[in-house]
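Student: Pasting my_file22.cif here (mmCIF, C-alpha atoms):
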data_target
#
loop_
_atom_site.label_atom_id
_atom_site.label_comp_id
_atom_site.auth_asym_id
_atom_site.auth_seq_id
_atom_site.Cartn_x
_atom_site.Cartn_y
_atom_site.Cartn_z
CA MET A 647 -50.10 -41.25 108.47
CA THR A 648 -49.52 -41.14 112.23
CA ASP A 649 -46.74 -39.18 113.91
CA ASP A 650 -44.98 -42.40 114.89
CA THR A 651 -45.00 -43.61 111.28
CA GLN A 652 -43.62 -40.29 110.07
CA GLN A 653 -40.83 -40.43 112.63
CA VAL A 654 -39.91 -43.96 111.58
CA SER A 655 -39.85 -42.97 107.87
CA THR A 656 -37.70 -39.93 108.61
CA ALA A 657 -35.29 -42.03 110.67
CA ARG A 658 -34.95 -44.55 107.83
CA LEU A 659 -34.22 -41.79 105.33
CA LEU A 660 -31.56 -40.32 107.61
CA ASP A 661 -29.98 -43.74 108.07
CA ARG A 662 -29.83 -44.27 104.32
CA ARG A 663 -28.28 -40.84 103.82
CA ASP A 664 -25.67 -41.58 106.47
CA GLU A 665 -24.89 -44.89 104.78
CA ARG A 666 -24.39 -43.12 101.46
CA VAL A 667 -22.12 -40.53 103.07
CA ALA A 668 -20.10 -43.23 104.83
CA HIS A 669 -19.79 -45.20 101.61
CA ALA A 670 -18.71 -42.08 99.71
CA ASP A 671 -15.86 -41.56 102.16
CA THR A 672 -14.46 -45.04 101.54
CA LEU A 673 -12.00 -45.68 98.73
CA GLY A 674 -14.57 -47.75 96.83
CA GLY A 675 -17.20 -45.07 97.21
CA THR A 676 -14.83 -42.38 95.99
CA VAL A 677 -13.87 -44.43 92.94
CA GLY A 678 -17.51 -45.25 92.26
CA ALA A 679 -18.53 -41.59 92.44
CA PHE A 680 -15.69 -40.68 90.08
CA VAL A 681 -16.78 -43.34 87.57
CA ASP A 682 -20.38 -42.09 87.75
CA ARG A 683 -19.28 -38.53 87.03
CA VAL A 684 -17.23 -39.64 84.03
CA ARG A 685 -20.11 -41.71 82.65
CA SER A 686 -22.46 -38.76 82.98
CA GLY A 687 -20.11 -36.53 80.97
CA ASP A 688 -18.55 -34.61 83.87
CA LEU A 689 -14.97 -35.22 82.76
CA GLY A 690 -13.32 -32.21 84.35
CA SER A 691 -9.59 -32.09 83.64
CA LEU A 692 -9.24 -35.84 83.11
CA PRO A 693 -8.77 -35.80 79.28
CA VAL A 694 -6.09 -33.10 79.31
CA VAL A 695 -4.20 -34.71 82.20
CA VAL A 696 -4.19 -38.06 80.40
CA GLY A 697 -3.09 -36.35 77.19
CA LEU A 698 -0.29 -34.51 78.97
CA LEU A 699 0.99 -37.76 80.50
CA ILE A 700 1.02 -39.39 77.06
CA ILE A 701 2.87 -36.44 75.51
CA CYS A 702 5.49 -36.35 78.28
CA THR A 703 6.03 -40.11 78.14
CA ALA A 704 6.44 -40.09 74.36
CA PHE A 705 8.90 -37.18 74.20
CA GLN A 706 10.89 -38.36 77.21
CA SER A 707 11.35 -41.77 75.60
CA LEU A 708 12.58 -40.08 72.40
CA ASN A 709 14.80 -37.50 74.12
CA PRO A 710 15.77 -37.75 77.82
CA VAL A 711 16.41 -33.99 77.92
CA PHE A 712 12.68 -33.26 77.66
CA LEU A 713 11.95 -33.66 81.38
CA ALA A 714 15.29 -32.24 82.50
CA PRO A 715 14.87 -29.42 85.06
CA ASP A 716 16.46 -26.76 82.81
CA ASN A 717 14.13 -27.56 79.93
CA LEU A 718 11.07 -27.49 82.19
CA VAL A 719 12.05 -24.07 83.58
CA ASN A 720 12.34 -22.70 80.04
CA LEU A 721 9.01 -24.31 79.19
CA LEU A 722 7.33 -22.51 82.11
CA PHE A 723 8.79 -19.16 81.01
CA ASP A 724 7.38 -19.72 77.51
CA CYS A 725 3.97 -20.86 78.82
CA SER A 726 3.33 -17.66 80.72
CA THR A 727 2.99 -15.18 77.84
CA VAL A 728 0.38 -16.97 75.72
CA GLY A 729 -1.12 -18.50 78.87
CA VAL A 730 -2.21 -15.09 80.15
CA ILE A 731 -3.83 -14.38 76.78
CA SER A 732 -5.58 -17.76 76.91
CA LEU A 733 -6.96 -16.89 80.34
CA GLY A 734 -8.87 -14.06 78.66
CA ILE A 735 -10.14 -16.49 76.02
CA VAL A 736 -11.60 -18.62 78.83
CA CYS A 737 -13.67 -15.60 79.95
CA ILE A 738 -15.09 -14.92 76.49
CA LEU A 739 -15.80 -18.59 75.77
CA MET A 740 -17.68 -18.87 79.06
CA VAL A 741 -20.37 -16.55 77.67
CA GLY A 742 -20.45 -18.39 74.34
CA GLU A 743 -18.58 -15.73 72.30
CA ILE A 744 -15.13 -15.51 70.71
CA ASP A 745 -12.33 -12.96 70.32
CA LEU A 746 -10.15 -13.43 67.25
CA SER A 747 -8.09 -10.28 67.85
CA VAL A 748 -6.21 -11.25 71.01
CA GLY A 749 -2.99 -11.78 69.08
CA SER A 750 -3.18 -8.35 67.45
CA VAL A 751 -4.13 -6.69 70.75
CA SER A 752 -1.11 -8.28 72.42
CA GLY A 753 1.18 -7.15 69.58
CA PHE A 754 -0.24 -3.63 69.68
CA SER A 755 0.30 -3.45 73.46
CA SER A 756 3.86 -4.70 73.05
CA ALA A 757 4.55 -1.99 70.46
CA LEU A 758 2.90 0.70 72.58
CA VAL A 759 5.04 -0.11 75.62
CA GLY A 760 8.18 -0.02 73.48
CA VAL A 761 7.30 3.33 71.90
CA LEU A 762 6.24 5.04 75.12
CA TRP A 763 9.06 3.63 77.25
CA VAL A 764 12.04 3.69 74.89
CA ASN A 765 11.19 6.32 72.29
CA GLN A 766 9.15 8.75 74.42
CA ASP A 767 11.04 8.24 77.71
CA TRP A 768 7.91 7.47 79.74
CA PRO A 769 8.33 5.61 83.04
CA VAL A 770 7.94 1.92 82.32
CA ALA A 771 5.14 1.55 84.90
CA LEU A 772 3.12 4.32 83.24
CA ALA A 773 3.65 2.78 79.81
CA ILE A 774 2.39 -0.60 81.08
CA VAL A 775 -0.68 0.94 82.73
CA THR A 776 -1.48 2.86 79.54
CA ALA A 777 -1.30 -0.33 77.47
CA LEU A 778 -3.59 -2.18 79.91
CA VAL A 779 -6.13 0.67 79.95
CA LEU A 780 -6.22 0.75 76.15
CA GLY A 781 -6.66 -3.01 76.17
CA ALA A 782 -9.72 -2.61 78.40
CA ALA A 783 -11.00 0.15 76.09
CA ILE A 784 -10.74 -2.20 73.10
CA GLY A 785 -12.87 -4.74 74.97
CA ALA A 786 -15.39 -2.02 75.81
CA LEU A 787 -15.60 -1.16 72.09
CA TYR A 788 -16.32 -4.79 71.23
CA ALA A 789 -18.98 -4.89 73.95
CA PHE A 790 -20.64 -1.76 72.54
CA LEU A 791 -20.70 -3.20 69.03
CA PHE A 792 -22.14 -6.47 70.36
CA ASN A 793 -24.66 -5.14 72.89
CA ARG A 794 -25.89 -2.00 71.17
CA LEU A 795 -25.44 -2.67 67.46
CA GLY A 796 -25.84 -6.45 67.45
CA MET A 797 -22.57 -7.06 65.59
CA PRO A 798 -21.49 -10.70 66.02
CA SER A 799 -18.30 -11.04 68.04
CA PHE A 800 -16.74 -13.08 65.24
CA VAL A 801 -17.05 -10.14 62.84
CA SER A 802 -16.12 -7.33 65.25
CA THR A 803 -13.03 -9.09 66.58
CA LEU A 804 -11.96 -10.18 63.09
CA SER A 805 -12.12 -6.52 62.09
CA GLY A 806 -10.15 -5.68 65.21
CA LEU A 807 -7.51 -8.26 64.30
CA LEU A 808 -6.73 -6.27 61.13
CA ALA A 809 -7.12 -2.82 62.71
CA TRP A 810 -4.84 -3.39 65.71
CA LEU A 811 -2.27 -5.14 63.56
CA GLY A 812 -2.19 -2.12 61.29
CA LEU A 813 -1.83 0.21 64.28
CA GLN A 814 1.01 -1.94 65.60
CA LEU A 815 2.87 -1.64 62.28
CA TYR A 816 2.24 2.11 62.25
CA LEU A 817 3.64 2.60 65.76
CA LEU A 818 6.82 0.65 65.03
CA GLY A 819 7.43 2.51 61.79
CA SER A 820 10.07 1.63 59.23
CA THR A 821 12.48 0.10 61.76
CA GLY A 822 10.00 -2.64 62.56
CA SER A 823 11.29 -3.29 66.08
CA ILE A 824 12.35 -1.59 69.29
CA ASN A 825 14.89 -3.17 71.61
CA LEU A 826 13.95 -2.92 75.26
CA PRO A 827 16.75 -2.04 77.72
CA TYR A 828 18.52 -5.26 78.56
CA GLY A 829 18.94 -5.65 82.30
CA SER A 830 15.88 -3.53 83.09
CA PRO A 831 13.45 -4.90 85.71
CA LEU A 832 10.82 -5.72 83.07
CA VAL A 833 13.23 -7.68 80.86
CA ASN A 834 14.76 -9.43 83.87
CA PHE A 835 11.26 -10.42 84.96
CA GLY A 836 10.58 -11.98 81.58
CA GLN A 837 13.89 -13.75 81.15
CA MET A 838 15.70 -14.51 84.39
CA LEU A 839 13.90 -13.80 87.65
CA VAL A 840 13.01 -16.93 89.62
CA MET A 841 11.60 -17.40 93.10
CA PRO A 842 13.93 -18.04 96.03
CA PRO A 843 13.58 -21.70 97.06
CA ILE A 844 11.98 -20.85 100.41
CA VAL A 845 9.30 -18.78 98.67
CA SER A 846 8.45 -21.48 96.12
CA TYR A 847 8.24 -24.16 98.83
CA ALA A 848 6.02 -21.91 100.96
CA LEU A 849 3.67 -21.19 98.04
CA ALA A 850 3.40 -24.89 97.23
CA ALA A 851 2.43 -25.62 100.85
CA LEU A 852 -0.03 -22.70 100.81
CA ALA A 853 -1.79 -24.20 97.80
CA GLY A 854 -2.50 -27.40 99.76
CA VAL A 855 -3.77 -25.39 102.73
CA VAL A 856 -6.11 -23.43 100.47
CA VAL A 857 -7.44 -26.65 98.93
CA PHE A 858 -8.16 -28.07 102.39
CA ALA A 859 -9.68 -24.83 103.73
CA THR A 860 -11.93 -24.42 100.70
CA GLY A 861 -13.12 -28.03 100.89
CA TYR A 862 -13.68 -27.78 104.65
CA ARG A 863 -15.76 -24.64 104.29
CA MET A 864 -17.88 -26.19 101.55
CA ALA A 865 -18.36 -29.37 103.57
CA ALA A 866 -19.49 -27.33 106.59
CA ARG A 867 -22.04 -25.44 104.49
CA ARG A 868 -23.39 -28.68 103.00
CA ARG A 869 -23.76 -30.26 106.44
CA ALA A 870 -25.58 -27.17 107.68
CA ALA A 871 -27.99 -27.55 104.75
CA GLY A 872 -28.54 -31.25 105.53
CA LEU A 873 -26.59 -32.50 102.51
CA SER A 874 -23.86 -35.11 102.25
CA ALA A 875 -20.31 -33.81 102.58
CA SER A 876 -16.74 -35.06 102.55
CA SER A 877 -15.24 -36.20 105.82
CA LEU A 878 -12.38 -34.41 107.55
CA GLY A 879 -10.02 -37.30 106.81
CA ARG A 880 -10.78 -37.20 103.12
CA LEU A 881 -10.19 -33.43 102.98
CA LEU A 882 -6.90 -33.79 104.84
CA LEU A 883 -5.78 -36.51 102.43
CA LYS A 884 -6.65 -34.35 99.42
CA GLY A 885 -4.76 -31.35 100.82
CA ALA A 886 -1.76 -33.52 101.72
CA LEU A 887 -1.59 -35.00 98.22
CA VAL A 888 -1.62 -31.51 96.68
CA VAL A 889 1.22 -30.42 98.97
CA ILE A 890 3.31 -33.53 98.25
CA VAL A 891 2.93 -33.25 94.47
CA LEU A 892 3.64 -29.50 94.33
CA GLU A 893 6.56 -29.71 96.74
CA PHE A 894 8.15 -32.41 94.57
CA VAL A 895 7.64 -30.28 91.44
CA VAL A 896 9.22 -27.27 93.16
CA TYR A 897 12.14 -29.40 94.40
CA TYR A 898 12.73 -30.72 90.89
CA LEU A 899 12.64 -27.24 89.32
CA ASN A 900 15.00 -25.94 92.00
CA LEU A 901 17.58 -28.44 90.77
CA ALA A 902 17.92 -25.96 87.90
CA ARG A 903 17.15 -22.24 88.16
CA GLY A 904 13.87 -22.59 90.05
CA VAL A 905 10.27 -21.50 89.54
CA PRO A 906 9.98 -18.39 87.30
CA TRP A 907 8.26 -15.39 88.83
CA MET A 908 6.47 -14.84 85.52
CA PHE A 909 4.94 -18.30 85.73
CA GLY A 910 4.00 -17.58 89.34
CA LEU A 911 2.16 -14.46 88.14
CA PHE A 912 0.32 -16.55 85.55
CA VAL A 913 -0.72 -19.17 88.13
CA GLY A 914 -1.78 -16.40 90.52
CA LEU A 915 -4.01 -14.86 87.85
CA CYS A 916 -5.50 -18.31 87.20
CA ALA A 917 -6.25 -18.77 90.91
CA VAL A 918 -7.91 -15.35 91.21
CA MET A 919 -9.93 -15.87 88.04
CA ASN A 920 -10.98 -19.36 89.07
CA TYR A 921 -12.22 -18.01 92.42
CA ALA A 922 -14.15 -15.28 90.62
CA LEU A 923 -15.74 -17.77 88.21
CA LYS A 924 -16.63 -20.39 90.81
CA ARG A 925 -17.29 -18.47 94.04
CA THR A 926 -18.82 -15.12 93.10
CA LYS A 927 -22.18 -13.92 91.81
CA TRP A 928 -20.43 -12.57 88.72
CA GLY A 929 -18.93 -15.98 87.94
CA ARG A 930 -22.25 -17.76 88.35
CA SER A 931 -23.81 -15.16 86.05
CA MET A 932 -21.11 -15.85 83.45
CA SER A 933 -21.99 -19.55 83.47
CA ALA A 934 -25.71 -18.80 83.33
CA VAL A 935 -25.37 -16.43 80.36
CA GLY A 936 -23.17 -18.91 78.50
CA GLY A 937 -25.54 -21.79 79.24
CA ASN A 938 -28.78 -20.05 78.25
CA ARG A 939 -28.79 -16.32 77.56
CA GLU A 940 -32.57 -15.90 77.54
CA ALA A 941 -33.04 -17.88 80.74
CA ALA A 942 -30.34 -15.76 82.40
CA ARG A 943 -32.11 -12.58 81.30
CA ARG A 944 -35.44 -13.81 82.66
CA ALA A 945 -33.72 -14.64 85.95
CA GLY A 946 -32.78 -10.98 86.36
CA ILE A 947 -29.13 -11.13 85.25
CA ASN A 948 -27.84 -8.05 83.43
CA VAL A 949 -26.72 -9.92 80.32
CA ARG A 950 -25.24 -6.86 78.64
CA ARG A 951 -23.06 -6.10 81.64
CA ILE A 952 -21.82 -9.69 81.80
CA HIS A 953 -20.90 -9.62 78.12
CA ALA A 954 -19.12 -6.29 78.57
CA SER A 955 -17.06 -7.66 81.48
CA ALA A 956 -16.08 -10.72 79.44
CA PHE A 957 -14.94 -8.68 76.43
CA MET A 958 -13.01 -6.21 78.59
CA LEU A 959 -11.27 -8.92 80.60
CA CYS A 960 -10.31 -10.77 77.44
CA SER A 961 -8.72 -7.71 75.81
CA THR A 962 -7.03 -6.57 79.03
CA LEU A 963 -5.42 -9.97 79.55
CA ALA A 964 -4.40 -10.01 75.88
CA ALA A 965 -2.63 -6.69 76.46
CA ALA A 966 -0.95 -8.11 79.58
CA GLY A 967 0.21 -11.13 77.59
CA GLY A 968 1.72 -8.84 74.96
CA ILE A 969 3.66 -6.94 77.61
CA LEU A 970 5.00 -10.18 79.06
CA ALA A 971 5.95 -11.35 75.56
CA ALA A 972 7.91 -8.14 75.02
CA ALA A 973 9.69 -8.72 78.33
CA ARG A 974 10.44 -12.31 77.35
CA LEU A 975 11.95 -11.30 73.97
CA ALA A 976 13.43 -7.97 75.19
CA SER A 977 11.91 -6.27 72.15
CA SER A 978 8.75 -4.93 70.57
CA SER A 979 8.59 -6.06 66.95
CA GLN A 980 6.22 -6.45 64.03
CA GLN A 981 6.19 -10.21 64.61
CA ALA A 982 4.77 -9.85 68.14
CA GLY A 983 1.24 -11.23 68.37
CA THR A 984 1.31 -12.66 64.84
CA GLY A 985 1.87 -16.23 63.67
CA ASP A 986 0.27 -18.82 65.91
CA VAL A 987 -0.45 -16.64 68.96
CA ASN A 988 -4.20 -16.54 68.23
CA LEU A 989 -4.23 -20.26 67.48
CA ASN A 990 -2.38 -21.22 70.64
CA ALA A 991 -4.39 -18.92 72.92
CA ILE A 992 -7.75 -20.22 71.72
CA ALA A 993 -6.57 -23.82 71.42
CA ALA A 994 -5.13 -23.79 74.96
CA ALA A 995 -8.47 -22.78 76.48
CA VAL A 996 -10.37 -25.45 74.52
CA ILE A 997 -7.79 -28.20 75.01
CA GLY A 998 -7.73 -27.41 78.74
CA GLY A 999 -11.45 -28.10 79.03
CA THR A 1000 -13.38 -24.87 78.41
CA SER A 1001 -16.44 -25.59 76.29
CA LEU A 1002 -16.90 -23.92 72.92
CA PHE A 1003 -20.65 -24.08 73.56
CA GLY A 1004 -20.41 -21.71 76.53
CA GLY A 1005 -21.37 -22.05 80.17
CA ARG A 1006 -18.67 -24.51 81.23
CA GLY A 1007 -15.02 -23.88 81.91
CA SER A 1008 -12.32 -23.16 84.41
CA ALA A 1009 -9.48 -20.67 84.64
CA TYR A 1010 -7.14 -23.62 85.07
CA SER A 1011 -8.09 -24.68 81.52
CA ALA A 1012 -5.69 -22.02 80.26
CA LEU A 1013 -2.93 -23.37 82.51
CA LEU A 1014 -3.33 -27.01 81.50
CA GLY A 1015 -3.94 -26.26 77.83
CA ILE A 1016 -0.91 -24.03 77.33
CA ILE A 1017 1.32 -26.58 79.08
CA VAL A 1018 0.11 -29.21 76.59
CA ILE A 1019 0.75 -26.94 73.60
CA GLN A 1020 4.14 -25.76 74.83
CA SER A 1021 5.14 -29.34 75.66
CA ILE A 1022 4.46 -30.33 72.07
CA ALA A 1023 6.49 -27.38 70.76
CA SER A 1024 9.38 -28.06 73.16
CA GLY A 1025 9.46 -31.77 72.40
CA LEU A 1026 9.52 -31.28 68.64
CA THR A 1027 12.24 -28.62 68.96
CA LEU A 1028 14.42 -31.00 70.95
CA LEU A 1029 13.90 -33.64 68.27
CA ASP A 1030 14.89 -31.06 65.61
CA LEU A 1031 11.64 -31.59 63.68
CA SER A 1032 9.96 -28.99 61.50
CA SER A 1033 7.30 -26.62 62.80
CA SER A 1034 4.86 -28.11 60.29
CA LEU A 1035 4.53 -31.14 62.56
CA ARG A 1036 3.78 -28.88 65.52
CA TYR A 1037 0.86 -27.32 63.65
CA MET A 1038 -0.49 -30.70 62.59
CA ILE A 1039 -0.18 -32.25 66.05
CA THR A 1040 -1.68 -29.21 67.79
CA GLY A 1041 -4.55 -29.21 65.29
CA ALA A 1042 -5.18 -32.90 65.92
CA VAL A 1043 -5.14 -32.40 69.70
CA LEU A 1044 -7.57 -29.47 69.35
CA ALA A 1045 -9.91 -31.56 67.19
CA VAL A 1046 -9.87 -34.38 69.74
CA ALA A 1047 -10.59 -31.89 72.55
CA VAL A 1048 -13.63 -30.50 70.72
CA ILE A 1049 -14.91 -34.01 69.95
CA VAL A 1050 -14.55 -35.00 73.62
CA ASP A 1051 -16.34 -31.82 74.68
CA SER A 1052 -19.19 -32.49 72.24
CA LEU A 1053 -19.59 -36.11 73.36
CA ALA A 1054 -19.44 -35.12 77.03
CA ARG A 1055 -22.12 -32.50 76.43
CA ARG A 1056 -24.40 -35.12 74.87
CA SER A 1057 -23.80 -37.41 77.81
CA ARG A 1058 -24.65 -34.65 80.28
CA VAL A 1059 -27.89 -33.97 78.40
CA SER A 1060 -28.87 -37.64 78.43
CA HIS A 1061 -28.14 -37.84 82.18
CA GLY A 1062 -29.96 -34.60 82.94
CA ARG A 1063 -26.81 -32.70 83.95
CA ALA A 1064 -26.57 -30.22 81.06
#
I need this file expressed as structure tokens, please.
Tutor:
Amino acid sequence: MTDDTQQVSTARLLDRRDERVAHADTLGGTVGAFVDRVRSGDLGSLPVVVGLLIICTAFQSLNPVFLAPDNLVNLLFDCSTVGVISLGIVCILMVGEIDLSVGSVSGFSSALVGVLWVNQDWPVALAIVTALVLGAAIGALYAFLFNRLGMPSFVSTLSGLLAWLGLQLYLLGSTGSINLPYGSPLVNFGQMLVMPPIVSYALAALAGVVVFATGYRMAARRRAAGLSASSLGRLLLKGALVVIVLEFVVYYLNLARGVPWMFGLFVGLCAVMNYALKRTKWGRSMSAVGGNREAARRAGINVRRIHASAFMLCSTLAAAGGILAAARLASSSQQAGTGDVNLNAIAAAVIGGTSLFGGRGSAYSALLGIIVIQSIASGLTLLDLSSSLRYMITGAVLAVAVIVDSLARRSRVSHGRA
């Protein structure tokens, strides 16, 4: 082939690439690309968003109070405690393992803070740090049992569920509960503190700026590598839509008390975790280990270290969720961490889109999933229906989420995107 022929072929390829890029930046191209991703099994957050819209529409039609600002503020307060625990479940599911003891760890941490702070007169900050450190130590113990002794995570964490529950009951003693000082900063944080309107509006605008800046940086890197990338106009439109939606949500919540600081902490943890999972070497290693452990090991990834980090993060976040639950209820009791805490934490991660098969997930899965679960609970409470329906509906939603995940995984395999 002559040099002239090569130049002509290269020019044609570049023209075709430019046409594809230009088409992708049109509305039709964007819709077409979205349809292709859905057909290939890359559903993202689409199923949970559709499900949430259906739930909100149904409950609002049955009781107009459901979407009232006051009810939504209370819903966000309630989402934060189990949501933080679910964020840890996302980490452990990413590597294809499970932790069944997160409820007991959260209850144990709640009891420990109550005993150290109220009964032993420790500074509250020191009591919280101690509970978090012990939470990390519990995860390190699970990692040792898994990495060194080969104990399946299902068995070790099931044993932990019983052990930490027993330790929680022992700490609380015959009284069974410890009331936390009402009006203390911790209790106020869990029950009443909301953001000033100017702060909530500023954070909503910041989220749109971050979305635009992240997309712009990625587009610049793709162009430098000779790949197709989103246009500046498309990125600006995406960032503007995020700002508009979030600003409206903040405005609506400010018609009542406003955005809870505890929910802001939860969203902040989600943002940090999502960055770590998507933009760091550690996060890519988590996905690789969850997708194919042996292939990750052959690629030079320290699989044991990745598993240890997942177990420790999961238990630490479970401890943090228990502390927030104690703040929310203003007490440490024997009921903390029991009941449906385990169910809701695991279900929220799966319903939000984290795969049970490992290797695929997002920190925002915990956010979306717990909003779905708490919406169901809030709606049924407003309708004065029994909790039995909540269990049945949540179980059905969880089953549908797993079925969708399984079908999407098959579709990705058939399209070569697994």
Student: Specify as a PyMOL selection string each residue included when the PyMOL selection byres ((chain A and resi 847) around 10) is applied to this file.
Tutor: chain A and resi 841-846+848-852+889+892-897+900+905
Student: Determine the nearest neighbour of Phe912 of chain A from the options A:Ile1016, A:Val855, A:Leu1031, A:Ala865, counting only C-alpha atoms.
Tutor: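 Under the stated criterion, the closest residue is A:Ile1016.
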Student: Compare A:Arg869, A:Arg943, A:Arg951, A:Arg1036 by their minimum atom-to-atom distance to Ile1019 of chain A, counting only C-alpha atoms, and give me the closest one.
Tutor: A:Arg1036
Student: What gap, in Å, lies between atom CA of Asn920 of chain A and atom CA of Val728 of chain A?
Tutor: 17.7 Å
Student: One decimal, Å: what's the distance from atom CA of Leu1044 of chain A over to atom CA of Val711 of chain A, could you say?
Tutor: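 Computed distance, atom CA of Leu1044 of chain A to atom CA of Val711 of chain A, equals 25.9 Å.
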Student: So, with only C-alpha atoms as the atoms that count, which of A:Val1050, A:Arg880, A:Arg930, A:Gly781 lies closest to Ala942 of chain A?
Tutor: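 The answer is A:Arg930, which sits nearest to Ala942 of chain A.
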Student: List, as a PyMOL selection string, every residue that the PyMOL selection byres ((chain A and resi 814) around 10) selects in the file provided.
Tutor: chain A and resi 750-758+808-813+815-819+822+978-983
Student: Put those residues in a file: C-alpha atoms, as a tab-separated table (two decimals), keeping the file's coordinate frame.
Tutor:
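Dumped to selection-v1.tsv:
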chain	number	residue	atom	x	y	z
A	750	SER	CA	-3.18	-8.35	67.45
A	751	VAL	CA	-4.13	-6.69	70.75
A	752	SER	CA	-1.11	-8.28	72.42
A	753	GLY	CA	1.18	-7.15	69.58
A	754	PHE	CA	-0.24	-3.63	69.68
A	755	SER	CA	0.30	-3.45	73.46
A	756	SER	CA	3.86	-4.70	73.05
A	757	ALA	CA	4.55	-1.99	70.46
A	758	LEU	CA	2.90	0.70	72.58
A	808	LEU	CA	-6.73	-6.27	61.13
A	809	ALA	CA	-7.12	-2.82	62.71
A	810	TRP	CA	-4.84	-3.39	65.71
A	811	LEU	CA	-2.27	-5.14	63.56
A	812	GLY	CA	-2.19	-2.12	61.29
A	813	LEU	CA	-1.83	0.21	64.28
A	815	LEU	CA	2.87	-1.64	62.28
A	816	TYR	CA	2.24	2.11	62.25
A	817	LEU	CA	3.64	2.60	65.76
A	818	LEU	CA	6.82	0.65	65.03
A	819	GLY	CA	7.43	2.51	61.79
A	822	GLY	CA	10.00	-2.64	62.56
A	978	SER	CA	8.75	-4.93	70.57
A	979	SER	CA	8.59	-6.06	66.95
A	980	GLN	CA	6.22	-6.45	64.03
A	981	GLN	CA	6.19	-10.21	64.61
A	982	ALA	CA	4.77	-9.85	68.14
A	983	GLY	CA	1.24	-11.23	68.37
Student: Looking at A:Ala917, A:Leu807, A:Ser1001, A:Ala773, which one is nearest to Leu1053 of chain A, with distances taken over only C-alpha atoms?
Tutor: A:Ser1001
Student: Using atom CA of Ile784 of chain A and atom CA of Asp767 of chain A as the two end points, give the distance in Å to one decimal.
Tutor: 24.6 Å
Student: Enumerate, as a count of residues only, the residues matched when the PyMOL selection byres ((chain A and resi 972) around 9) is run on the file above.
Tutor: 22
Student: May I have the residues within 8 Å of Met958 of chain A as a list in words, using all atoms listed in the file and disregarding those fewer than 3 positions away in the same chain?
Tutor: Gly781, Ala782, Ala783, Ile784, Gly785, Ala786, Ala789, Ala954, Ser955, Ser961 and Thr962 of chain A
